[in-house]
>>> print(open('coords_37.cif').read())   # mmCIF, C-alpha atoms
data_upload
#
loop_
_atom_site.label_atom_id
_atom_site.label_comp_id
_atom_site.auth_asym_id
_atom_site.auth_seq_id
_atom_site.Cartn_x
_atom_site.Cartn_y
_atom_site.Cartn_z
CA MET A 20 11.04 67.09 16.24
CA PHE A 21 12.07 66.40 12.65
CA ASN A 22 8.75 64.68 12.00
CA GLU A 23 7.02 67.73 13.44
CA LEU A 24 8.98 69.94 11.06
CA ILE A 25 7.86 67.80 8.14
CA ARG A 26 4.25 68.34 9.15
CA ILE A 27 4.85 72.09 9.31
CA ASP A 28 4.87 73.36 5.73
CA VAL A 29 8.07 75.32 5.09
CA LYS A 30 5.87 77.97 3.47
CA THR A 31 4.33 78.69 6.86
CA LEU A 32 7.79 79.28 8.33
CA ARG A 33 8.64 81.63 5.47
CA SER A 34 5.37 83.51 6.03
CA PHE A 35 6.03 83.79 9.75
CA MET A 36 9.53 85.17 9.15
CA ALA A 37 8.13 87.73 6.69
CA ILE A 38 5.44 88.78 9.18
CA VAL A 39 8.08 89.38 11.84
CA GLU A 40 10.44 91.21 9.53
CA CYS A 41 7.66 93.38 8.07
CA GLN A 42 5.99 93.88 11.48
CA GLY A 43 2.57 92.65 10.43
CA VAL A 44 0.47 90.51 8.14
CA THR A 45 -0.56 93.35 5.84
CA ALA A 46 2.98 94.63 5.45
CA ALA A 47 4.18 91.12 4.53
CA GLN A 48 1.90 90.99 1.47
CA SER A 49 4.34 92.64 -0.92
CA GLN A 50 7.28 90.52 0.23
CA LEU A 51 5.39 87.23 -0.07
CA ASN A 52 3.14 88.19 -2.97
CA LEU A 53 0.23 86.55 -1.13
CA THR A 54 -3.12 87.82 0.15
CA THR A 55 -3.54 88.69 3.80
CA SER A 56 -5.99 85.82 4.24
CA VAL A 57 -3.44 83.29 2.98
CA ILE A 58 -0.69 84.75 5.17
CA SER A 59 -3.01 84.76 8.21
CA GLY A 60 -3.87 81.15 7.43
CA HIS A 61 -0.19 80.22 7.41
CA LEU A 62 0.32 81.91 10.78
CA SER A 63 -2.71 80.20 12.33
CA HIS A 64 -1.58 76.84 10.94
CA LEU A 65 1.89 77.30 12.46
CA GLU A 66 0.50 78.29 15.86
CA ASP A 67 -1.87 75.31 15.83
CA ARG A 68 0.95 72.90 14.99
CA LEU A 69 3.27 74.29 17.65
CA LYS A 70 0.47 74.84 20.16
CA MET A 71 1.86 78.32 20.83
CA THR A 72 0.76 81.91 20.44
CA LEU A 73 3.51 83.52 18.41
CA CYS A 74 2.32 87.11 18.06
CA LEU A 75 -0.30 89.52 19.33
CA ARG A 76 -2.39 91.20 16.66
CA GLY A 77 -4.93 93.94 17.30
CA ARG A 78 -5.40 97.65 17.89
CA GLY A 79 -2.21 97.80 19.89
CA GLY A 80 -0.26 96.84 16.79
CA PHE A 81 1.94 93.84 16.03
CA GLU A 82 4.01 92.30 18.84
CA LEU A 83 5.84 88.99 19.21
CA THR A 84 5.30 86.86 22.29
CA GLU A 85 8.25 85.31 24.07
CA ASP A 86 7.48 82.06 22.25
CA GLY A 87 7.32 84.00 19.00
CA ILE A 88 10.76 85.49 19.58
CA ALA A 89 12.21 82.04 20.30
CA VAL A 90 10.53 80.48 17.24
CA TYR A 91 11.77 83.31 15.00
CA GLU A 92 15.34 82.76 16.21
CA ALA A 93 14.91 79.04 15.50
CA CYS A 94 13.65 79.92 12.03
CA LEU A 95 16.79 81.98 11.40
CA SER A 96 18.96 79.01 12.37
CA PHE A 97 16.89 76.76 10.14
CA HIS A 98 17.25 79.21 7.26
CA ASP A 99 21.04 79.22 7.66
CA ALA A 100 21.11 75.42 7.78
CA VAL A 101 19.03 75.18 4.59
CA ALA A 102 21.38 77.64 2.86
CA SER A 103 24.38 75.54 3.91
CA PHE A 104 22.63 72.37 2.73
CA GLU A 105 21.88 73.92 -0.67
CA HIS A 106 25.50 75.07 -0.97
CA GLN A 107 26.75 71.53 -0.28
CA LEU A 108 24.31 70.08 -2.81
CA HIS A 109 25.53 72.57 -5.39
CA TYR A 110 29.13 71.52 -4.71
CA ILE A 111 28.23 67.83 -5.00
CA ARG A 112 26.39 68.42 -8.28
CA GLN A 113 29.36 70.42 -9.54
CA LEU A 114 31.75 67.58 -8.74
CA ASP A 115 29.45 64.97 -10.23
CA SER A 116 28.92 66.99 -13.38
CA VAL A 117 32.64 66.82 -14.09
CA ARG A 118 32.66 63.10 -14.88
CA GLY A 119 31.96 61.92 -11.36
CA GLY A 120 34.76 63.77 -9.61
CA HIS A 121 35.13 61.94 -6.27
CA ILE A 122 37.51 59.00 -5.98
CA ARG A 123 37.96 57.24 -2.64
CA LEU A 124 41.15 55.19 -2.32
CA CYS A 125 42.33 52.97 0.50
CA LEU A 126 45.91 51.74 0.50
CA ALA A 127 48.01 49.35 2.52
CA ASP A 128 50.76 51.24 4.29
CA GLN A 129 54.40 51.39 3.15
CA LEU A 130 53.85 50.21 -0.42
CA PRO A 131 56.81 50.01 -2.83
CA THR A 132 58.36 53.19 -4.17
CA PHE A 133 57.35 52.37 -7.75
CA PHE A 134 53.69 52.22 -6.65
CA TYR A 135 53.87 55.69 -5.10
CA ASP A 136 55.59 56.98 -8.24
CA ALA A 137 52.68 55.70 -10.34
CA LEU A 138 50.13 57.08 -7.87
CA GLN A 139 51.69 60.54 -7.93
CA GLN A 140 51.71 60.51 -11.73
CA CYS A 141 48.03 59.54 -11.86
CA LEU A 142 47.02 62.10 -9.24
CA SER A 143 48.85 64.84 -11.09
CA ALA A 144 47.25 63.89 -14.41
CA SER A 145 43.80 63.67 -12.83
CA TYR A 146 43.94 67.18 -11.36
CA GLU A 147 45.42 68.59 -14.56
CA GLU A 148 42.57 67.13 -16.60
CA ASN A 149 39.87 67.85 -14.03
CA PRO A 150 40.73 70.53 -11.42
CA LEU A 151 37.43 69.94 -9.57
CA ILE A 152 38.09 66.27 -8.91
CA HIS A 153 38.25 65.27 -5.23
CA PHE A 154 40.37 62.41 -3.88
CA SER A 155 39.96 60.79 -0.48
CA ILE A 156 42.96 58.62 0.40
CA ASP A 157 43.19 56.49 3.53
CA VAL A 158 45.75 53.97 4.81
CA GLN A 159 44.10 50.88 6.27
CA SER A 160 44.65 47.29 7.28
CA PRO A 161 43.43 44.72 4.71
CA GLU A 162 40.44 43.75 6.85
CA ASN A 163 39.25 47.36 7.24
CA MET A 164 39.84 47.98 3.56
CA LEU A 165 37.56 45.11 2.52
CA GLU A 166 34.90 46.21 5.01
CA ASN A 167 34.89 49.75 3.62
CA LEU A 168 34.71 48.49 0.04
CA LEU A 169 31.82 46.18 0.87
CA ASN A 170 30.00 49.02 2.65
CA ASN A 171 30.54 51.37 -0.32
CA GLU A 172 32.68 53.68 1.82
CA SER A 173 35.64 53.32 -0.57
CA ASP A 174 35.91 52.89 -4.33
CA ILE A 175 39.29 51.21 -4.81
CA GLY A 176 41.58 49.33 -2.45
CA VAL A 177 45.08 47.98 -3.00
CA GLY A 178 46.92 45.69 -0.64
CA TYR A 179 47.57 42.12 0.40
CA PHE A 180 44.38 40.16 1.05
CA SER A 181 44.09 36.77 2.70
CA SER A 182 40.39 36.49 1.77
CA PHE A 183 38.51 37.39 -1.39
CA PRO A 184 34.82 38.17 -0.77
CA PRO A 185 32.77 37.27 -3.88
CA ALA A 186 30.94 40.61 -3.79
CA LEU A 187 34.20 42.34 -4.78
CA THR A 188 36.41 42.12 -7.85
CA PHE A 189 40.11 41.42 -7.37
CA LYS A 190 42.86 42.04 -9.91
CA PRO A 191 46.62 41.51 -9.43
CA ALA A 192 48.50 44.76 -8.84
CA PHE A 193 52.14 43.91 -8.07
CA THR A 194 54.33 41.62 -5.98
CA GLU A 195 56.36 42.79 -3.02
CA LYS A 196 59.22 41.13 -1.16
CA GLN A 197 58.97 40.85 2.62
CA VAL A 198 62.27 40.57 4.50
CA VAL A 199 63.26 39.84 8.08
CA CYS A 200 65.12 42.66 9.84
CA CYS A 201 66.83 43.44 13.08
CA GLY A 202 67.67 46.90 14.39
CA SER A 203 71.15 48.30 15.02
CA LYS A 204 70.64 47.77 18.78
CA HIS A 205 69.98 44.03 18.32
CA HIS A 206 72.95 41.74 18.93
CA LEU A 207 72.40 40.06 15.53
CA PHE A 208 73.14 43.36 13.81
CA ALA A 209 76.92 43.00 14.24
CA GLN A 210 77.11 39.35 13.17
CA THR A 211 78.28 39.57 9.59
CA ASN A 212 79.83 36.12 9.07
CA ALA A 213 80.11 32.65 10.52
CA SER A 214 83.41 33.37 12.27
CA GLU A 215 81.65 35.48 14.86
CA ALA A 216 79.88 34.13 17.96
CA GLU A 217 77.58 31.80 16.03
CA GLN A 218 76.31 31.31 12.52
CA LEU A 219 72.76 32.50 12.08
CA THR A 220 70.47 29.86 10.64
CA PHE A 221 66.83 29.86 9.71
CA ASP A 222 65.97 27.56 12.62
CA ARG A 223 67.79 29.74 15.16
CA LEU A 224 66.15 32.87 13.79
CA GLU A 225 62.76 31.23 14.13
CA GLN A 226 63.21 29.70 17.55
CA ASP A 227 65.71 31.78 19.54
CA TYR A 228 64.61 35.39 19.07
CA PRO A 229 61.54 37.41 20.03
CA TRP A 230 59.39 38.45 17.05
CA VAL A 231 56.93 41.20 16.31
CA ARG A 232 53.96 39.88 14.35
CA ARG A 233 51.32 41.48 12.17
CA GLY A 234 47.83 41.73 13.55
CA TYR A 235 46.14 40.84 10.28
CA GLY A 236 46.12 37.54 8.44
CA VAL A 237 49.00 36.34 6.27
CA ASP A 238 48.77 33.17 4.17
CA HIS A 239 50.85 30.49 5.92
CA GLN A 240 51.72 28.95 2.55
CA ILE A 241 53.79 31.97 1.59
CA ASN A 242 55.02 33.02 5.04
CA HIS A 243 56.41 29.74 6.30
CA ILE A 244 58.25 31.00 9.38
CA ARG A 245 56.78 29.96 12.77
CA PRO A 246 58.47 31.94 15.56
CA ARG A 247 58.41 30.42 19.01
CA THR A 248 58.26 33.79 20.79
CA LEU A 249 55.79 36.44 19.62
CA SER A 250 55.79 39.32 22.10
CA ALA A 251 54.51 42.26 20.03
CA THR A 252 51.69 42.86 17.54
CA THR A 253 51.25 45.70 15.06
CA TYR A 254 48.80 46.65 12.32
CA HIS A 255 51.04 49.07 10.40
CA MET A 256 54.50 48.64 8.93
CA GLU A 257 55.93 51.78 10.47
CA ALA A 258 54.87 50.54 13.92
CA THR A 259 56.63 47.26 13.15
CA ALA A 260 59.72 49.20 12.15
CA GLN A 261 59.75 51.11 15.45
CA LEU A 262 59.69 47.89 17.45
CA ILE A 263 62.52 46.46 15.36
CA LEU A 264 64.53 49.68 15.74
CA ALA A 265 64.11 49.45 19.52
CA GLY A 266 66.44 46.43 19.39
CA HIS A 267 64.49 43.64 21.10
CA HIS A 268 62.55 42.14 18.20
CA VAL A 269 63.08 40.83 14.72
CA GLY A 270 60.25 40.97 12.21
CA TYR A 271 59.14 41.28 8.62
CA LEU A 272 59.09 44.57 6.73
CA PRO A 273 58.52 45.42 3.06
CA ASN A 274 61.81 45.36 1.19
CA ASP A 275 61.71 49.04 0.20
CA LEU A 276 61.10 50.20 3.77
CA ALA A 277 63.78 47.89 5.19
CA LYS A 278 66.35 49.07 2.64
CA ARG A 279 65.72 52.72 3.53
CA TYR A 280 66.49 51.99 7.18
CA GLU A 281 69.42 49.77 6.20
CA ALA A 282 70.92 52.59 4.11
CA MET A 283 70.84 54.77 7.23
CA GLY A 284 72.70 52.11 9.21
CA LEU A 285 69.70 51.50 11.47
CA MET A 286 68.70 48.00 10.35
CA ARG A 287 70.08 44.84 8.85
CA ILE A 288 68.19 42.47 6.56
CA LEU A 289 68.66 38.87 7.69
CA LEU A 290 68.75 35.61 5.72
CA VAL A 291 67.48 37.11 2.48
CA ASP A 292 67.37 33.79 0.62
CA GLU A 293 65.97 31.61 3.39
CA ALA A 294 63.50 33.85 5.21
CA SER A 295 62.19 36.30 2.60
CA TYR A 296 58.94 35.75 0.75
CA ASP A 297 56.90 37.50 -1.92
CA VAL A 298 53.30 38.62 -1.52
CA GLN A 299 50.86 39.40 -4.31
CA HIS A 300 49.01 42.65 -3.82
CA HIS A 301 45.63 43.07 -5.49
CA TRP A 302 43.34 45.84 -6.58
CA SER A 303 39.92 45.40 -5.04
CA TYR A 304 36.72 47.17 -6.07
CA ARG A 305 33.02 46.73 -6.73
CA GLN A 306 31.64 46.17 -10.19
CA ASN A 307 30.06 49.06 -12.11
CA LEU A 308 32.58 51.68 -11.05
CA HIS A 309 31.82 55.26 -11.98
CA LYS A 310 33.55 56.15 -15.23
CA GLN A 311 35.97 58.54 -13.54
CA VAL A 312 36.99 55.90 -10.98
CA ALA A 313 37.35 53.20 -13.63
CA GLU A 314 39.56 55.43 -15.78
CA PHE A 315 41.82 56.22 -12.81
CA LEU A 316 42.13 52.51 -11.99
CA ASP A 317 42.92 51.61 -15.61
CA GLN A 318 45.66 54.24 -15.72
CA MET A 319 47.22 52.96 -12.49
CA ILE A 320 47.17 49.39 -13.80
CA LYS A 321 48.90 50.44 -17.05
CA LEU A 322 51.60 52.36 -15.19
CA LEU A 323 52.34 49.46 -12.84
CA LEU A 324 52.47 46.99 -15.72
CA ALA A 325 54.99 49.22 -17.44
CA GLY A 326 57.16 49.47 -14.31
CA PRO A 327 58.94 47.00 -11.99
CA SER A 328 56.98 43.95 -10.90
CA ALA A 329 58.60 43.35 -7.54
CA GLY A 330 59.82 45.37 -4.57
#
>>> encode(input="coords_37.cif", output="structure tokens")
Amino acid sequence: MFNELIRIDVKTLRSFMAIVECQGVTAAQSQLNLTTSVISGHLSHLEDRLKMTLCLRGRGGFELTEDGIAVYEACLSFHDAVASFEHQLHYIRQLDSVRGGHIRLCLADQLPTFFYDALQQCLSASYEENPLIHFSIDVQSPENMLENLLNNESDIGVGYFSSFPPALTFKPAFTEKQVVCCGSKHHLFAQTNASEAEQLTFDRLEQDYPWVRRGYGVDHQINHIRPRTLSATTYHMEATAQLILAGHHVGYLPNDLAKRYEAMGLMRILLVDEASYDVQHHWSYRQNLHKQVAEFLDQMIKLLLAGPSAG
């Protein structure tokens, strides 16, 4: 049907609508500023293309056929759709004219507090400088983030990546500590020293307790723990936290998130020295970023370099 529309000159649709609204070819002359022969030609061309008789013309006066009524209503819908399309194009041009004002970010979930502080500062500055800028911000797993960047569905990603596709550029962002936690309902929660039932060791933590694991890849060289029992899988840190809070599992959480729950008395961080590890988060993006996107990224990098380097 779309190909058929392409073959039908939009001018013929405009002429048909004018004929209907003016109730005749002659009356449509002044509205279209065309001769009656040209307008009649447009009408004949449209009827030939559609293989329909759209109106009756003769001594009885002008009258639409049933097909003509239906086609006119379709023309009205088409006219509204074109108007909406033009409005959207105008909005896109308006955004683009203000130094490229659309920035698409994808973030790993539950990043450190200092990262969110920097992000809020950059967002505030961006809107103050350019009120028409538009941000799209999504929280994604590392694998989905890379896929969206490669498919040009995102501009900038930040997170932990276990692979580095050569089509993308990667730049260190910050390091973050990952810690093992148990919830307040877990029997390890109350064990505060060796004089209690048993002393917790790295080996016992690894072998004797059910774990929740992450569904995306983590470099085994930095996360050296190998639990014997893995009975839950999550792709977001908050989901991991809920399983830990339920009391059956232990698992890794970002240090900032774990400390928030610990401050509420809902979690305990276990074996900080033996079981914790640091991960390097990276910025990821394609080369040749739009100027507005590149400036935002540069500002974020400067703010993070000026702040804490670890969670």
>>> closest_residue(input="coords_37.cif", among="A:Leu32, A:Val177, A:Leu290, A:Leu249", to="His267 in chain A", atoms="only C-alpha atoms")
A:Leu249
>>> resolve_selection(input="coords_37.cif", expression="the PyMOL selection byres ((chain A and resi 198) around 6)", output="NGL selection string")
:A and (197 or 199 or 271-272 or 274 or 295)
>>> resolve_selection(input="coords_37.cif", expression="the PyMOL selection byres ((chain A and resi 31) around 12)", output="count of residues only")
31
>>> residues_around(input="coords_37.cif", residues="range 150-159 of chain A", least_positions_apart="2", cutoff="7 Å", atoms="only C-alpha atoms", output="ChimeraX atom specification")
/A:114,120-128,146-148,161,163-164
>>> atom_distance(input="coords_37.cif", atom1="CA of Leu322 in chain A", atom2="CA of Phe193 in chain A")
11.1 Å
>>> closest_residue(input="coords_37.cif", among="A:Ile263, A:Leu316, A:Leu187, A:Val39", to="Asn167 in chain A", atoms="only C-alpha atoms")
A:Leu187
>>> closest_residue(input="coords_37.cif", among="A:Phe189, A:Asp136, A:Gln42, A:His309", to="Leu75 in chain A", atoms="only C-alpha atoms")
A:Gln42
>>> atom_distance(input="coords_37.cif", atom1="CA of Ile88 in chain A", atom2="CA of Gln107 in chain A")
29.1 Å
>>> resolve_selection(input="coords_37.cif", expression="the PyMOL selection byres ((chain A and resi 265) around 9)", output="VMD selection string")
chain A and resid 202 to 205 260 to 264 266 to 268
>>> closest_residue(input="coords_37.cif", among="A:Arg223, A:Arg232, A:Lys310, A:Lys278", to="Met256 in chain A", atoms="all atoms listed in the file")
A:Arg232
>>> closest_residue(input="coords_37.cif", among="A:Phe208, A:Phe180, A:Phe134, A:Trp302", to="Ala325 in chain A", atoms="only C-alpha atoms")
A:Phe134
>>> atom_distance(input="coords_37.cif", atom1="CA of Tyr254 in chain A", atom2="CA of Gln318 in chain A")
29.2 Å
>>> closest_residue(input="coords_37.cif", among="A:Thr253, A:Gln311, A:Thr194, A:Thr220", to="Pro131 in chain A", atoms="all atoms listed in the file")
A:Thr194
>>> axis_aligned_box(input="coords_37.cif", around="range 48-67 of chain A", padding_each_side="8 Å", output="AutoDock Vina command-line options")
--center_x 0.6 --center_y 84.0 --center_z 6.4 --size_x 29.3 --size_y 33.3 --size_z 34.8
>>> decode(input="coords_37.cif", residues="range 57-178 of chain A", atoms="C-alpha atoms", output="CSV table (one decimal), in the first residue's frame")
chain,number,residue,atom,x,y,z
A,57,VAL,CA,-5.1,20.4,-14.4
A,58,ILE,CA,-7.4,19.6,-11.5
A,59,SER,CA,-9.5,17.3,-13.6
A,60,GLY,CA,-6.4,15.6,-14.7
A,61,HIS,CA,-5.3,15.0,-11.1
A,62,LEU,CA,-8.7,13.5,-10.2
A,63,SER,CA,-8.7,11.2,-13.3
A,64,HIS,CA,-5.1,10.1,-12.4
A,65,LEU,CA,-6.1,9.3,-8.8
A,66,GLU,CA,-9.2,7.3,-9.9
A,67,ASP,CA,-7.1,5.4,-12.5
A,68,ARG,CA,-4.5,4.5,-9.8
A,69,LEU,CA,-7.0,3.4,-7.3
A,70,LYS,CA,-9.3,1.8,-9.9
A,71,MET,CA,-12.3,3.5,-8.3
A,72,THR,CA,-14.9,6.1,-9.2
A,73,LEU,CA,-14.6,8.8,-6.5
A,74,CYS,CA,-17.2,11.3,-7.5
A,75,LEU,CA,-20.1,11.8,-9.9
A,76,ARG,CA,-19.8,14.9,-12.1
A,77,GLY,CA,-22.5,16.2,-14.4
A,78,ARG,CA,-25.8,18.1,-14.7
A,79,GLY,CA,-26.9,16.7,-11.3
A,80,GLY,CA,-24.0,18.5,-9.7
A,81,PHE,CA,-21.1,17.2,-7.7
A,82,GLU,CA,-21.5,14.1,-5.5
A,83,LEU,CA,-19.1,11.7,-3.8
A,84,THR,CA,-19.5,8.0,-4.3
A,85,GLU,CA,-19.2,5.6,-1.3
A,86,ASP,CA,-15.6,4.9,-2.4
A,87,GLY,CA,-15.0,8.7,-2.6
A,88,ILE,CA,-16.2,9.2,0.9
A,89,ALA,CA,-13.9,6.5,2.2
A,90,VAL,CA,-10.9,7.8,0.3
A,91,TYR,CA,-11.6,11.4,1.5
A,92,GLU,CA,-11.6,10.1,5.1
A,93,ALA,CA,-8.4,8.3,4.4
A,94,CYS,CA,-6.9,11.5,3.0
A,95,LEU,CA,-7.8,13.3,6.2
A,96,SER,CA,-6.0,10.7,8.3
A,97,PHE,CA,-3.0,11.0,6.0
A,98,HIS,CA,-3.1,14.8,6.3
A,99,ASP,CA,-3.0,14.5,10.1
A,100,ALA,CA,-0.2,12.0,9.9
A,101,VAL,CA,1.9,14.2,7.7
A,102,ALA,CA,1.3,17.2,10.0
A,103,SER,CA,2.5,15.1,13.0
A,104,PHE,CA,5.5,13.9,11.0
A,105,GLU,CA,6.4,17.5,10.1
A,106,HIS,CA,6.0,18.5,13.8
A,107,GLN,CA,8.4,15.8,14.9
A,108,LEU,CA,10.9,16.7,12.2
A,109,HIS,CA,10.8,20.3,13.4
A,110,TYR,CA,11.4,19.2,16.9
A,111,ILE,CA,14.4,17.0,15.8
A,112,ARG,CA,15.9,19.9,13.8
A,113,GLN,CA,15.4,22.2,16.8
A,114,LEU,CA,17.2,19.8,19.1
A,115,ASP,CA,20.0,19.2,16.6
A,116,SER,CA,20.4,22.9,16.0
A,117,VAL,CA,21.3,23.4,19.6
A,118,ARG,CA,24.7,21.6,19.4
A,119,GLY,CA,23.3,18.2,18.8
A,120,GLY,CA,21.0,18.1,21.8
A,121,HIS,CA,20.3,14.3,22.3
A,122,ILE,CA,22.5,12.2,24.6
A,123,ARG,CA,21.8,8.6,25.1
A,124,LEU,CA,23.4,7.1,28.2
A,125,CYS,CA,23.4,3.5,29.4
A,126,LEU,CA,24.6,2.7,33.0
A,127,ALA,CA,25.3,-0.3,35.0
A,128,ASP,CA,23.0,-0.4,38.0
A,129,GLN,CA,23.9,0.6,41.6
A,130,LEU,CA,27.0,2.6,40.7
A,131,PRO,CA,28.9,4.3,43.5
A,132,THR,CA,27.5,7.4,45.1
A,133,PHE,CA,30.3,9.6,43.9
A,134,PHE,CA,29.4,8.7,40.3
A,135,TYR,CA,25.8,9.7,40.7
A,136,ASP,CA,27.0,13.0,42.3
A,137,ALA,CA,29.0,13.7,39.2
A,138,LEU,CA,26.2,12.7,36.9
A,139,GLN,CA,23.7,14.9,38.7
A,140,GLN,CA,26.2,17.8,38.4
A,141,CYS,CA,26.7,17.3,34.7
A,142,LEU,CA,23.0,16.9,34.0
A,143,SER,CA,22.2,20.1,35.9
A,144,ALA,CA,24.9,22.0,34.0
A,145,SER,CA,23.8,20.6,30.6
A,146,TYR,CA,20.2,21.7,31.1
A,147,GLU,CA,21.3,25.1,32.4
A,148,GLU,CA,23.5,25.7,29.4
A,149,ASN,CA,21.1,24.1,26.9
A,150,PRO,CA,17.4,23.9,28.0
A,151,LEU,CA,16.4,22.0,24.8
A,152,ILE,CA,18.9,19.2,25.3
A,153,HIS,CA,17.3,15.7,25.7
A,154,PHE,CA,18.8,12.9,27.7
A,155,SER,CA,17.8,9.2,27.4
A,156,ILE,CA,19.2,7.2,30.4
A,157,ASP,CA,18.8,3.4,30.7
A,158,VAL,CA,20.1,0.9,33.2
A,159,GLN,CA,21.4,-2.3,31.5
A,160,SER,CA,23.6,-5.3,31.9
A,161,PRO,CA,27.1,-5.0,30.4
A,162,GLU,CA,26.2,-7.3,27.5
A,163,ASN,CA,23.1,-5.3,26.5
A,164,MET,CA,25.0,-2.1,26.9
A,165,LEU,CA,27.7,-3.2,24.4
A,166,GLU,CA,25.1,-4.4,22.0
A,167,ASN,CA,23.3,-1.1,22.1
A,168,LEU,CA,26.5,0.9,21.6
A,169,LEU,CA,27.5,-1.3,18.6
A,170,ASN,CA,24.0,-0.9,17.1
A,171,ASN,CA,24.2,2.9,17.6
A,172,GLU,CA,21.2,2.8,20.0
A,173,SER,CA,23.3,4.4,22.7
A,174,ASP,CA,26.0,7.0,22.7
A,175,ILE,CA,27.9,6.4,26.0
A,176,GLY,CA,28.0,3.4,28.3
A,177,VAL,CA,29.7,3.0,31.7
A,178,GLY,CA,30.1,-0.2,33.6
